[in-house]
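Visitor: Here it is: the structure, laid out below.
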Amino acid sequence: MGNGTIALVGNPNSGKTTFFNALTGSNQYVGNWPGVTVEKKEGRFKFKGKEYHVVDLPGTYSLGAFSEDEIVARDYILTGDADIIIDVVDASNIERNLYLTTQLLEMGKKIVVALNMVDEARKRDIKFDIEGLSKKLGVPVIPTVASKEKGIKNIIQAAVDMINTDMIVENPLQYNETIEHHICHIEEALKGEDLPYPSRWTALKVVEGDEEILKALRASGLNKDPMQYIDNFYKYHSSENFELEIIDTRYAFAHRIAEGTVQRPEIEVVTLTDKIDKIITNKYLGIPIFALIMLVVFQLTFEIGEDVLGEGAVSLIEGFGGLMESFLISMSAPDWLISFMIDGVINGVGAVVEFVPIITVLYLLLGFLEDSGYMARAAYVWDDLMRRLGLQGKAFISMIIGFGCNVPGIMSARTLDNKKDRMITTLINPFMSCGAKLPIYSVFIAAFFPRYGGLILFSLYALGIILGLIMAKILSKTLFKGESSYFIMEFPPYRMPTLKNVLRNMWDNVYGFLKRAGTIIFVVITLLWVIAVLPASADPYSEFSILGRIGTFISPVFKLAGFNNWQASVALFAGIPAKEAVVGTLGMLYAGQYVEEGAMLVNAIQHNFTSLTALSYMVMTLLYTPCAATLGIVGKETKSIKWPVFMAFYTFAMGLAAAIIVFQVGSLLGFS
């Protein structure tokens, strides 16, 4: 584990992730916290010959119990093995950020405050008395600019110094006489008990009415007398009154800390960020601007990924396939092995890998938008519309994350404050086009709509958002009634994206795509290849094979949608383990067709579909049953089997209904 463990804590958009990247570089790994699905980011770095372990806790505005993120962060700080906590504070919004610092101080843990993005604060003519801040807080305060790696060595040195001292952090915050009286008496009642948390902090949480702490106390086997004292406390006192008083006291404390140590100009400086935000976040222009930006992103994705890079990838895969076939023939390999390697692996898995350039370009462009600070604004501009539809703007962040992969998109819903918002956001996330669907769209666009690639991609993503929002309204009026929680978000300043951060984000997503291609998709294609060439008496890849008979049996379901050929039907069901397998399956089943024309999968698509059935097929793949990993994460998040089952069937029904509408309306209008 190294010579010490450092936990990073901070508000969303405080620069904590950039700070983590600056500390750890490429020495990072991602997993989940034990027993929960909240993402756990860890890394290592060396300083003066010693190695340190860094844990990046979920970004949070407070350490209450409103979301799983907050509970995970709080529990790790209190019971984890962190030797020091680095509290990353946004210098431009210091008072708001100091609320979290106040809660950390109440825990009595060793803390170093990283006053981050001081360069942005200076642009606003905000000045700091660093020594005064440190003295008032009772912990070291170090100015940093994580994006430029300024102050990183200083903060590490301060953290190491704190680790190596026996310093006890004093809690400088005192509440009014009544609250302190109750804290004192509850702490006295808990004396001698084996508590999972510090005694004063536990007593404070009892007064505050924290349900999670009360559950933990009961689960810890608390003796009868202290538990009876706590129960009696609630008989005579309403925790709601104390909760508001405690929150107000923390904010007042944060204000006193900033008073005299933070100097702001009398007339607030209008920065370039403020000027841009007047346009970008405008009530009427915000959503159209978002749509325009995404249209440009998809157009560039298709033009660069398909036209520039994609041709090279296709040539590379085809060249590799030719070499592999020649090698196997020269080795006198059996026909079944040649068929498996060429028709199954090269034409199946290779058909998926061909679209890596498109996925790479999309993640690169989305990474630039994220790192520039724009995506936080995107959530804000959608807040008003989403609130009318029964959600809040923060849910849109989950939807945007779903553009990369629905699994982390659904996992991010845990940051929402109430169950209604979390459930609705979870159930509509599969309508967001994940990266795994891009190869499907791309092959059909290349076959029928090469001149309008960006527009078709944009339309599909937009359709997913629109239908998701409509479904959110229906769910909020039926299964999940109630008010949405309030949306609070601080905008990070606009900044030039850091190439290292953008490339790391892009690689993480592309690597995940390639990993699936080499594992799940390979397994799916292998299984399908076996039943596509059996029985031996039937022609391989024909309707008389086992796979062909299965496809022929299920294809009537899609007759009204126009694509009732058995290969297209089988490919859709192959996409349930992993959506990329749709293209892989089509590549395998159409293997050997129209070889003389080159780019055989695209040409096979042109011979087996029309432009109208291609559209209905893409709409079906946009909406129908999400991949197995998504269904699995829904089960874990909801702790129930009924919701993934519900999702599997209702999304399939919506996908089929939408595909039928596209085909039938298109046919009535004379399209083919």
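Identifiers for the structure tokens are assigned positionally: chains receive A, B, ... in sequence, residues are indexed from 1 per chain, and ligands are indexed from 1 in the order shown.
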Based on the backbone DSSP call, show me all residues of segment 300-482 of chain A assigned alpha helix (DSSP H), as a ChimeraX atom specification.
Guide: /A:300-302,311-330,335-339,350-353,356-372,374-381,383-388,394-402,406-411,419-428,438-448,453-477
Visitor: With a distance cut-off of 12 Å and only C-alpha atoms, select the neighbouring residues of Gly453 of chain A, excluding the residue or stretch itself and same-chain residues fewer than 5 positions from it, and output the selection as a list in words.
Guide: Leu295, Val296, Val297, Phe298, Gln299, Leu300, Thr301, Phe302, Glu303, Ile304, Gly305, Glu306, Asp307, Ile358, Leu438, Tyr441, Ser442, Val443, Phe444, Ile445, Ala446, Ala447, Phe448, Phe458, Ser459 and Leu460 of chain A
Visitor: Name the residues in contact with Ile400 of chain A at a cut-off of 10 Å, using only C-alpha atoms, excluding same-chain residues fewer than 2 positions from it; report them as a list of chain:residue names.
Guide: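 Returned residues: A:Leu366, A:Met375, A:Ala378, A:Ala379, A:Ala395, A:Phe396, A:Ile397, A:Ser398, A:Gly402, A:Phe403, A:Gly404, A:Cys405, A:Asn406, A:Gly409, A:Asn429, A:Met432, A:Ser433, A:Cys434, A:Ile465.
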Visitor: Leaving out segment 552-561 of chain A and any residue of its chain fewer than 2 positions from it, which residues lie within 9 Å of it when counting only C-alpha atoms, given as a VMD selection string?
Guide: chain A and resid 543 547 to 550 563 to 570 613 616 to 617 620 656 to 664
Visitor: With N, CA and C atoms retained, could you export that selection as a PDB file, in the first residue's frame?
Guide:
```
ATOM      1  N   GLU A 543     -30.475 -20.433 -43.589  1.00  0.00           N
ATOM      2  CA  GLU A 543     -31.667 -20.536 -42.742  1.00  0.00           C
ATOM      3  C   GLU A 543     -31.918 -21.963 -42.267  1.00  0.00           C
ATOM      4  N   LEU A 547     -28.826 -21.765 -36.095  1.00  0.00           N
ATOM      5  CA  LEU A 547     -29.008 -20.321 -35.909  1.00  0.00           C
ATOM      6  C   LEU A 547     -30.047 -19.788 -36.884  1.00  0.00           C
ATOM      7  N   GLY A 548     -30.004 -20.290 -38.128  1.00  0.00           N
ATOM      8  CA  GLY A 548     -30.965 -19.845 -39.136  1.00  0.00           C
ATOM      9  C   GLY A 548     -32.389 -20.200 -38.758  1.00  0.00           C
ATOM     10  N   ARG A 549     -32.566 -21.378 -38.181  1.00  0.00           N
ATOM     11  CA  ARG A 549     -33.907 -21.796 -37.768  1.00  0.00           C
ATOM     12  C   ARG A 549     -34.420 -20.947 -36.606  1.00  0.00           C
ATOM     13  N   ILE A 550     -33.496 -20.627 -35.679  1.00  0.00           N
ATOM     14  CA  ILE A 550     -33.886 -19.739 -34.568  1.00  0.00           C
ATOM     15  C   ILE A 550     -34.297 -18.373 -35.113  1.00  0.00           C
ATOM     16  N   PHE A 563     -37.809  -5.325 -41.269  1.00  0.00           N
ATOM     17  CA  PHE A 563     -36.528  -6.044 -41.371  1.00  0.00           C
ATOM     18  C   PHE A 563     -36.669  -7.470 -40.845  1.00  0.00           C
ATOM     19  N   ASN A 564     -37.589  -8.233 -41.428  1.00  0.00           N
ATOM     20  CA  ASN A 564     -37.864  -9.569 -40.903  1.00  0.00           C
ATOM     21  C   ASN A 564     -37.023 -10.644 -41.582  1.00  0.00           C
ATOM     22  N   ASN A 565     -35.792 -10.295 -42.066  1.00  0.00           N
ATOM     23  CA  ASN A 565     -34.888 -11.355 -42.494  1.00  0.00           C
ATOM     24  C   ASN A 565     -34.226 -11.952 -41.259  1.00  0.00           C
ATOM     25  N   TRP A 566     -33.920 -13.230 -41.307  1.00  0.00           N
ATOM     26  CA  TRP A 566     -33.512 -13.937 -40.094  1.00  0.00           C
ATOM     27  C   TRP A 566     -32.176 -13.443 -39.548  1.00  0.00           C
ATOM     28  N   GLN A 567     -31.272 -12.999 -40.439  1.00  0.00           N
ATOM     29  CA  GLN A 567     -29.973 -12.510 -39.955  1.00  0.00           C
ATOM     30  C   GLN A 567     -30.123 -11.265 -39.089  1.00  0.00           C
ATOM     31  N   ALA A 568     -30.976 -10.340 -39.528  1.00  0.00           N
ATOM     32  CA  ALA A 568     -31.192  -9.102 -38.767  1.00  0.00           C
ATOM     33  C   ALA A 568     -31.833  -9.398 -37.421  1.00  0.00           C
ATOM     34  N   SER A 569     -32.743 -10.376 -37.392  1.00  0.00           N
ATOM     35  CA  SER A 569     -33.421 -10.742 -36.142  1.00  0.00           C
ATOM     36  C   SER A 569     -32.449 -11.353 -35.144  1.00  0.00           C
ATOM     37  N   VAL A 570     -31.626 -12.290 -35.620  1.00  0.00           N
ATOM     38  CA  VAL A 570     -30.648 -12.937 -34.749  1.00  0.00           C
ATOM     39  C   VAL A 570     -29.654 -11.916 -34.201  1.00  0.00           C
ATOM     40  N   THR A 613     -35.742   0.540 -44.194  1.00  0.00           N
ATOM     41  CA  THR A 613     -35.559  -0.505 -43.177  1.00  0.00           C
ATOM     42  C   THR A 613     -34.281  -0.271 -42.378  1.00  0.00           C
ATOM     43  N   SER A 616     -35.383   2.132 -39.662  1.00  0.00           N
ATOM     44  CA  SER A 616     -36.176   1.466 -38.622  1.00  0.00           C
ATOM     45  C   SER A 616     -35.286   0.552 -37.776  1.00  0.00           C
ATOM     46  N   TYR A 617     -34.283  -0.071 -38.406  1.00  0.00           N
ATOM     47  CA  TYR A 617     -33.368  -0.945 -37.666  1.00  0.00           C
ATOM     48  C   TYR A 617     -32.510  -0.140 -36.697  1.00  0.00           C
ATOM     49  N   MET A 620     -34.624   0.821 -33.786  1.00  0.00           N
ATOM     50  CA  MET A 620     -34.791  -0.344 -32.915  1.00  0.00           C
ATOM     51  C   MET A 620     -33.560  -0.531 -32.032  1.00  0.00           C
ATOM     52  N   LEU A 656     -39.499  -1.672 -30.584  1.00  0.00           N
ATOM     53  CA  LEU A 656     -40.273  -2.293 -31.660  1.00  0.00           C
ATOM     54  C   LEU A 656     -41.378  -1.362 -32.142  1.00  0.00           C
ATOM     55  N   ALA A 657     -42.078  -0.716 -31.198  1.00  0.00           N
ATOM     56  CA  ALA A 657     -43.157   0.209 -31.581  1.00  0.00           C
ATOM     57  C   ALA A 657     -42.610   1.366 -32.419  1.00  0.00           C
ATOM     58  N   ALA A 658     -41.474   1.934 -32.007  1.00  0.00           N
ATOM     59  CA  ALA A 658     -40.881   3.064 -32.741  1.00  0.00           C
ATOM     60  C   ALA A 658     -40.421   2.621 -34.124  1.00  0.00           C
ATOM     61  N   ALA A 659     -39.812   1.420 -34.216  1.00  0.00           N
ATOM     62  CA  ALA A 659     -39.342   0.914 -35.511  1.00  0.00           C
ATOM     63  C   ALA A 659     -40.522   0.681 -36.455  1.00  0.00           C
ATOM     64  N   ILE A 660     -41.623   0.142 -35.921  1.00  0.00           N
ATOM     65  CA  ILE A 660     -42.825  -0.075 -36.744  1.00  0.00           C
ATOM     66  C   ILE A 660     -43.373   1.251 -37.251  1.00  0.00           C
ATOM     67  N   ILE A 661     -43.424   2.261 -36.365  1.00  0.00           N
ATOM     68  CA  ILE A 661     -43.928   3.586 -36.772  1.00  0.00           C
ATOM     69  C   ILE A 661     -43.064   4.166 -37.883  1.00  0.00           C
ATOM     70  N   VAL A 662     -41.743   4.083 -37.727  1.00  0.00           N
ATOM     71  CA  VAL A 662     -40.829   4.618 -38.752  1.00  0.00           C
ATOM     72  C   VAL A 662     -41.078   3.932 -40.092  1.00  0.00           C
ATOM     73  N   PHE A 663     -41.162   2.602 -40.070  1.00  0.00           N
ATOM     74  CA  PHE A 663     -41.321   1.869 -41.334  1.00  0.00           C
ATOM     75  C   PHE A 663     -42.693   2.101 -41.955  1.00  0.00           C
ATOM     76  N   GLN A 664     -43.745   2.028 -41.144  1.00  0.00           N
ATOM     77  CA  GLN A 664     -45.100   2.159 -41.692  1.00  0.00           C
ATOM     78  C   GLN A 664     -45.376   3.573 -42.199  1.00  0.00           C
TER      79      GLN A 664
END
```
Visitor: Hey, what's within 9 Å of Ser672 of chain A if we count only C-alpha atoms and toss same-chain stuff fewer than 4 positions away? As a list in words, please?
Guide: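 Result of the neighbour search: Thr610, Ser611, Leu612, Thr613, Phe663, Gly666 and Ser667 of chain A.
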Visitor: Please produce a file of the residues just selected, as an mmCIF file, in the first residue's frame, where the atoms kept are C-alpha atoms.
Guide:
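Result went into out-v6.cif, see below:
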```cif
data_model
loop_
_atom_site.group_PDB
_atom_site.id
_atom_site.type_symbol
_atom_site.label_atom_id
_atom_site.label_comp_id
_atom_site.auth_asym_id
_atom_site.auth_seq_id
_atom_site.Cartn_x
_atom_site.Cartn_y
_atom_site.Cartn_z
ATOM 1 C CA THR A 610 -33.396 -0.541 -47.889
ATOM 2 C CA SER A 611 -32.796 3.006 -46.694
ATOM 3 C CA LEU A 612 -36.168 2.855 -44.875
ATOM 4 C CA THR A 613 -35.559 -0.505 -43.177
ATOM 5 C CA PHE A 663 -41.321 1.869 -41.334
ATOM 6 C CA GLY A 666 -42.199 5.914 -44.267
ATOM 7 C CA SER A 667 -43.979 3.382 -46.477
#
```
